[in-house]
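> Following this message is one structure expressed as structure tokens.
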Amino acid sequence: KKRFGFGGNLGPYTSTLYIEGPLVKDKSSFYLGGRYSTLQWLSNLYYKNQNVKVGFFDLNAKLNFKLNDRNRLFGTFYIGNDQLERKTYSAITTYGISWNNVLGTLRWNHVFNKKLFSNTTFYVTRYQYLLYLSENKKEYWNSSISNISLKTDFTWFLNPNNTFTAGMSINTHALDAGNVNLDDEEGAKEVPNYNCVEYTFYAGNQQNIGKKVTLRYGLRLPIWQDLGPTTVYYFDGNYNVIDTFDVENNAVYSSFASLEPRINITYLISPGSSIKAGYSRTTQFLNELNNSISPFTSLAVWVPAGPNIKPRKADQYSLGYFTGFFNDRIKFSAETYYKNYQNYIDYAPHANMLYNPLIEGEIRPGKAYSYGLEFMLRKPFGKFTGWLGYTYSRIYVTTPGVNFGESYRAFQDRPHNVTVFVSYDTRKRWTFSANWILLSGAAISTPVSFYEYNGYTVPVYGEKNNDRLPSYHRLDLSANFRLNKNELSRYKHNLILNLYNAYGRTNPYFMSFNRIEQADGDYVVPADHSQTQELVPTALSVSEIIPSINYQFKF
């Protein structure tokens with residue numbers, strides 16, 4: 001940036017502000033921005049007399065320095081926090097959940113000559129999930145993942161028809177798989193932590209063959225190592241512990257290597273039409289474990305590949321057709337894909353994922369496959385712009401010991417996805433837009449029967465994911481009015497009117513069948529109540545029409 005600028009967006013739910021400008025003329029510049037939620041008033045309105053706190057904030061900072069014509073430095077920093085808290089009159093007076101992110105990077109760009117340059121990046125990250133059970137947050141359940149990484153990438157323009165890339169990296173990972181800190185720690189269990197290091201090497205090339213064919217191909221080699229100190233548990237075929245092994249500090253107790261080829265070919269049929277085909281293999285060594293479909297009660301932990309968990313692998317094949325009509329004013333694309341998964345992560349029935357030293361024994365490796373077909377029609381130019389998209393996709397899982405060994409639909413199996421977006425620019429300071437989405441409901445398990453036990457109605461489940469949530473659909477409307485009459489004015493400000501969920505659709509996120517309804521309309525789980533009452537399904541959903549007025553400015 002050669003001059004200072006500032007801007008922001010002020011609204012009833014969130015507000016953002018930023019400032020940017022030069023530090024040393026033609027040598028360095030900065031950017032500093034932040035976002036803060038103003039949701040508390042809405043929480044007070046919706047959760048009357050329930051002492052619920054909700055909010056988030058994040059902060060971004062960027063710096064860049066031009067050392068000379070061949071060297072530049074770029075630095076970025078990010079910190080964010082989301083929090084949900086509630087005070088009650090029960091034995092636990094205050095409980096809450098917070099999510100914390102911290103990220104810092106430093107990148108050095110070096111130009112060797114006109115054909116060769118490199119980027120060397122050092123970065124650190126930390127993500128923390130905290131469930132606390134006291135107001136002072138001294139009693140809590142904690143899960144976190146921390147990374148320290150260094151990587152170097154080279155780009156070499158060999159000739160007009162070949163661009164070669166290569167690089168390497170080293171990444172360290174420190175995982176806390178969910179430990180508890182209590183004032184009274186007598187009898188507390190210790191969940192083993194994990195320390196891992198990953199080395200990665202890759203090379204690739206983009207090659208033009210004549211005027212119609214472009215090839216992109218490459219090979220990646222990740223090497224994964226698990227390090228001590230930790231305790232390794234060994235399981236038999238029924239997932240009972242048969243042995244343990246204590247690993248010394250920095251000792252390697254498990255390692256994996258995987259070759260990941262990729263190739264993509266583009267054939268130009270005509271100046272406005274092309275066909276693309278591709279294949280790629282990917283390997284995933286880190287596993288986020290979470291057997292809840294609720295976005296608010298899910299307590300995720302991270303566990304690496306190791307003696308009991310093989311790395312996940314996926315092979316994907318794709319084919320697409322891309323074209324344009326009316327001098328490219330209308331663009332159309334159609335793509336299809338097939339993806340095969342090995343060592344797909346699934347869970348034992350009623351898996352205990354929280355505060356479990358034997359969490360690896362709750363994992364069931366399986367196989368999965370997915371396929372789909374995507375269509376997109378876009379109009380990117382003119383007063384009227386927009387797109388129409390449709391995706392049909394399926395994903396099925398087969399895991400020994402789960403669902404009687406039969407294939408079943410994954411939670412992510414949502415066959416139909418329709419998106420419609422339309423925007424109209426009047427060229428007279430007003431812009432109107434509408435966005436409508438339709439999505440098949442997520443696959444869920446619902447009871448096939450019920451039985452009575454000690455005065456309680458207990459649901460019985462059959463086939464896994466035998467049902468679906470209702471289809472998700474929503475219409476969002478927006479109107480943007482430019483307040484400055486002169487479009488070229490340096491100070492630009494707009495008034496934005498938004499209507500989220502314009503027709504008030506009730507879209508459940510998840511459904512539960514293990515609750516009973518009390519006389520006052522509240523719901524409790526049967527174990528918390530001594531009377532027999534009717535078992536009813538309950539769902540969490542967003543059904544409100546949410547209007548907002550935002551003031552956006554930039555100088």
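Going by the structure tokens order, chains are called A, B, ..., each with residues numbered from 1, while ligands are numbered from 1 in the order shown.
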For A:Gly278, find every residue with an atom within 10 Å (counting only C-alpha atoms), except residues of its own chain fewer than 6 positions away, and show them as a list in words.

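The filter keeps Leu215, Arg216, Tyr217, Arg262, Ile263, Asn264, Ile265, Thr266, Gln316, Tyr317, Ser318, Leu319, Gly320 and Tyr337 of chain A.
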
> Name the residues of stretch 19-248 of chain A that fall into strand (DSSP E) according to DSSP on the backbone, using the chain letters and numbers of this document, as JSON, numbers by chain.

{"A": [19, 20, 21, 22, 23, 24, 28, 29, 30, 31, 32, 33, 34, 35, 36, 37, 52, 53, 54, 55, 56, 57, 58, 59, 60, 61, 62, 63, 64, 65, 66, 67, 68, 71, 72, 73, 74, 75, 76, 77, 78, 79, 80, 81, 82, 83, 84, 85, 86, 87, 94, 95, 96, 97, 98, 99, 100, 101, 102, 103, 104, 105, 106, 107, 108, 109, 110, 111, 116, 117, 118, 119, 120, 121, 122, 123, 124, 125, 126, 127, 128, 129, 130, 131, 132, 140, 141, 142, 143, 144, 145, 146, 147, 148, 149, 150, 151, 152, 153, 154, 155, 156, 157, 158, 159, 162, 163, 164, 165, 166, 167, 168, 169, 170, 171, 172, 173, 174, 175, 176, 177, 178, 179, 180, 181, 194, 195, 196, 197, 198, 199, 200, 201, 202, 203, 204, 205, 206, 207, 208, 209, 213, 214, 215, 216, 217, 218, 219, 220, 221, 222, 223, 224, 225, 226, 227, 230, 231, 232, 233, 234, 235, 241, 242, 243, 244, 245, 246, 247]}

> If we count only C-alpha atoms and set the cut-off at 6 Å, which residues sit around A:Pro365, ignoring sequence neighbours fewer than 2 positions away in its own chain? Please answer as a PDB file with C-alpha atoms, in the first residue's frame.


```
ATOM      1  CA  ASN A 343      -8.881 -47.107   6.252  1.00  0.00           C
ATOM      2  CA  TYR A 344     -11.934 -44.893   6.585  1.00  0.00           C
ATOM      3  CA  ILE A 345     -12.467 -43.883  10.230  1.00  0.00           C
ATOM      4  CA  ASP A 346     -15.621 -45.198  11.881  1.00  0.00           C
TER       5      ASP A 346
END
```

> Can you tell me which residues surround stretch 51-68 of chain A at a distance of at most 7 Å, considering only C-alpha atoms, apart from same-chain residues fewer than 3 positions away, and format the answer as number ranges by chain?

A: 27-37, 39-40, 43, 47, 71-87

> Please, what distance in Å, to one decimal, runs between atom CA of A:Arg312 and atom CA of A:Gln342?

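Calculated distance between atom CA of A:Arg312 and atom CA of A:Gln342 is 5.8 Å.
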
> Rounded to one decimal place, report the atom CA of A:Asn480-atom CA of A:Thr14 distance in Å.

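Here the two named atoms are 17.4 Å from each other.
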
> Residues at most 10 Å from A:Phe325, counting only C-alpha atoms, excluding those fewer than 5 positions away in the same chain, as number ranges by chain?

A: 272-273, 330-332, 379

> Neighbours of A:Ser258 within 8 Å (only C-alpha atoms; same-chain residues fewer than 6 positions away dropped), as a PDB file with C-alpha atoms, in the first residue's frame?


```
ATOM      1  CA  LEU A 221       6.207 -38.267  -0.645  1.00  0.00           C
ATOM      2  CA  PRO A 222       5.063 -37.719   2.965  1.00  0.00           C
ATOM      3  CA  ILE A 223       6.898 -39.551   5.765  1.00  0.00           C
ATOM      4  CA  THR A 283      -2.917 -39.625   2.486  1.00  0.00           C
TER       5      THR A 283
END
```

> If you run DSSP on the backbone, which residues of stretch 308-540 of chain A are helix (DSSP H, G or I), as a PDB file with N, CA and C atoms, in the first residue's frame?


```
ATOM      1  N   ILE A 359      -8.922 -44.585  23.711  1.00  0.00           N
ATOM      2  CA  ILE A 359      -9.770 -44.078  22.631  1.00  0.00           C
ATOM      3  C   ILE A 359      -9.484 -44.782  21.305  1.00  0.00           C
ATOM      4  N   GLU A 360      -8.246 -45.252  21.107  1.00  0.00           N
ATOM      5  CA  GLU A 360      -7.931 -45.938  19.854  1.00  0.00           C
ATOM      6  C   GLU A 360      -8.715 -47.237  19.720  1.00  0.00           C
ATOM      7  N   GLY A 361      -9.138 -47.811  20.854  1.00  0.00           N
ATOM      8  CA  GLY A 361      -9.944 -49.020  20.814  1.00  0.00           C
ATOM      9  C   GLY A 361     -11.385 -48.776  20.424  1.00  0.00           C
ATOM     10  N   GLU A 362     -11.802 -47.513  20.327  1.00  0.00           N
ATOM     11  CA  GLU A 362     -13.159 -47.173  19.900  1.00  0.00           C
ATOM     12  C   GLU A 362     -13.250 -46.980  18.384  1.00  0.00           C
ATOM     13  N   ASN A 403     -23.049 -51.712  11.808  1.00  0.00           N
ATOM     14  CA  ASN A 403     -24.210 -51.924  10.935  1.00  0.00           C
ATOM     15  C   ASN A 403     -24.259 -53.357  10.406  1.00  0.00           C
ATOM     16  N   PHE A 404     -23.897 -54.297  11.278  1.00  0.00           N
ATOM     17  CA  PHE A 404     -23.936 -55.727  10.943  1.00  0.00           C
ATOM     18  C   PHE A 404     -23.030 -56.058   9.755  1.00  0.00           C
ATOM     19  N   GLY A 405     -22.014 -55.220   9.530  1.00  0.00           N
ATOM     20  CA  GLY A 405     -21.091 -55.453   8.432  1.00  0.00           C
ATOM     21  C   GLY A 405     -21.596 -55.027   7.071  1.00  0.00           C
ATOM     22  N   PRO A 526     -33.871 -39.175  30.169  1.00  0.00           N
ATOM     23  CA  PRO A 526     -34.563 -39.997  31.168  1.00  0.00           C
ATOM     24  C   PRO A 526     -33.766 -40.220  32.447  1.00  0.00           C
ATOM     25  N   ALA A 527     -32.441 -40.318  32.360  1.00  0.00           N
ATOM     26  CA  ALA A 527     -31.641 -40.575  33.555  1.00  0.00           C
ATOM     27  C   ALA A 527     -31.704 -39.431  34.555  1.00  0.00           C
ATOM     28  N   ASP A 528     -32.113 -38.264  34.099  1.00  0.00           N
ATOM     29  CA  ASP A 528     -32.192 -37.107  34.991  1.00  0.00           C
ATOM     30  C   ASP A 528     -33.585 -36.920  35.588  1.00  0.00           C
TER      31      ASP A 528
END
```

> Please provide the set of residues having any atom within 6 Å of A:Ala434, restricted to only C-alpha atoms, with same-chain residues fewer than 3 positions apart removed, written as a list of chain:residue names.

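In the requested form, the answer reads A:Phe421, A:Val422, A:Asp476, A:Leu477.
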
> Write the selection just made, keeping N, CA and C atoms, as a short mmCIF file (atom, residue, chain, number, x, y, z; two decimals), in the first residue's frame?


```cif
data_model
loop_
_atom_site.label_atom_id
_atom_site.label_comp_id
_atom_site.auth_asym_id
_atom_site.auth_seq_id
_atom_site.Cartn_x
_atom_site.Cartn_y
_atom_site.Cartn_z
N PHE A 421 -28.18 -18.20 -7.45
CA PHE A 421 -27.79 -16.85 -7.04
C PHE A 421 -28.06 -15.88 -8.19
N VAL A 422 -28.72 -14.77 -7.87
CA VAL A 422 -29.04 -13.74 -8.86
C VAL A 422 -28.69 -12.39 -8.28
N ASP A 476 -31.96 -16.15 1.07
CA ASP A 476 -31.36 -14.94 1.64
C ASP A 476 -31.49 -13.81 0.63
N LEU A 477 -31.88 -12.64 1.11
CA LEU A 477 -32.06 -11.47 0.25
C LEU A 477 -31.14 -10.35 0.73
#
```
